[in-house]
Amino acid sequence: MDQLTLRQPVLTGEATSAPVKRGREAGFLALFLVFALYLIVPMIGMALFSVGDSWIDTVLPRRFTLDYWTAALNNPLFLQTFSRSFIASAGTIALSLVLMTPTLFVLHVAAPRLRPFVEVVSLAPFALPTVVFALSLIRTYSVKPLVLTGTPLLLVLSYTVISLPFVYRAIDNSLRALDTRTLYEAAQTLGASRWEPFRSIILPNIRRGLLAASLLVLSTSFGEYTLSAFLVGDAWKTSGVWIYDFWSDRPHETLALGTISFVVTWAASLAILALLGRRSASEVGRA
Amino acid sequence: MSRVRPGLARLRSDWPILAALAPFIVFFLMFEAVPVAVLLQGSIGGLKSPTSLYLTTVFTHPVYRQSVINSFMIAGISALIGAVAGTAIGYALTVTRHTRIRGALIALANVTSNAGGIGLAFAFITVIGVSGGITAALRLVGIDLYSFFTLYSVPGLIVLYVYFQTPLMIILMLPSFAAIRNEWREASASLGGTTFEFWRSIGIPVLFPAIAAGTILMLASGLGAFATAVALMGGQANLMTVQVSVLRQGEVIFKPAQADALATVLLVFVAASVVLYNLVNRRAQRWTN
């Protein structure tokens, strides 16, 4: 999957003349510019709105102020809801890694024939719309014997499910790159116990993959709205739900918070890219 | 030494493996399989007195039927726009000589491809909302955007969906463009083929499965999108996802079985799209691996 970085772009024809190429490059640049503006301008709008005053029917705000940021950050709900979002993401990262790392390790060294089962189960959440998943959890866990709705535990469990495809890909790719089975068998030959090589050889060598998986979980779960609103709502309000509620009351302050959320998720995505070099995060994360 | 039958011996040698996989299997059963099964049995009104009433209502009741049509229309149109734009930009990124711009745009595509959600909707309101910055700028040059467009509508939703679908399409297409080898091109040229003939008989047939797969995946993601729509239009957006949430929340029209049925239909559509994506994508990957 690394052709993109290893090989130079190859689609340019030999016969294309220099002026044609120059004209084409100009077209590309125009396309890139339009696309980049489409992606970036709304984000600039959001940031400006959080520091702008009386921005109604004008191209740019008339006055700039940090009052909205101060007010938003001093709101007691800020610390409460944002720390809850971090706790939910951290809990999801912990549960995902604890659940999936040993599972995939065993799969690689001892049970490759179970791979199709684990793969289908891990990628299935792709095919499960968030609203549908949320509703199915409410139906199952708002009635006895196991009532979990309204608890952060259910939120973490649900985030773990929707993160499964990303986590599976990230860890599976690193185990494959390491040639886990050969390493494990070598360690066994040298007299290691059953689990010792996992701790001392495999884990240290897939640190980057585990970190990438963690960042992917952070970028998908932090400030998440749908599952949070359905499963815990006001009982354990997270930043996503608060931002949604806050918008009609205080739009400027809301977008200060929105900006923070975007910075967290963008930073996580960029860190994944940096971590994996030019091998794009998508190859780890997506099908 | 007792004699054991081969099957049992195998089971015995396998038990540490099964024990190691047990947490995963239990997790799968509790939080994927059982909830979906509960939802499915809810959609037929329970196993004691199963009925297809709720499922057929999804297609006969005017409001629900319209939500199905709207969901497919918005997801379909935005997937097609995303496919065209993503393929064009993916191609341009593959062949351009501006490698720095390429790196920056690929990074940007990576961060924006899962940017959907409430923050995105609010961000768009600040620029092309009824009193947004670009709306005002257009008015200065004599264009009244809101005479033919509103953000809080189907076209507005499409603008938002395309925002996160185009980057996804680019990321999906890059490996396929990279897989078109220069040697094929040279071979084609040395046999007397023109550029047009190259694309018609080699380039497009090789790329087509990837383009189709990407479009189907965007359709699935569009059908399932909820937060973006609800942030922009509240309960006003008549989409399947929004109707599911309305049926769940509304005190007056709370109809659990109908919510389950609508959710089941949505699940079937999205799951079928994802399965189709996998089938087509397997074909697309013949060239990239």
# chains A, B, ... in the order shown; residues from 1 in each chain; ligands from 1
>>> interface_residues(of="chain B", to="chain A", cutoff="6 Å", atoms="only C-alpha atoms", output="list in words")
Leu21, Pro35, Val36, Leu39, Ala92, Thr94, Val95, Val111, Gly119, Ala123, Phe124, Thr126, Val127, Ser131, Gly133, Ala136, Ala137, Ala178, Asn182, Gly224, Ala263, Val270, Ala271 and Val274 of chain B
>>> closest_residue(among="B:Thr215, B:Leu18, B:Leu40, B:Ile134", to="Pro256 of chain B", atoms="only C-alpha atoms")
B:Leu40
>>> residues_around(residues="segment 78-87 of chain B", least_positions_apart="2", cutoff="9 Å", atoms="only C-alpha atoms", output="ChimeraX atom specification")
/A:35 /B:73-76,89-92,157-174,211-212,214-222
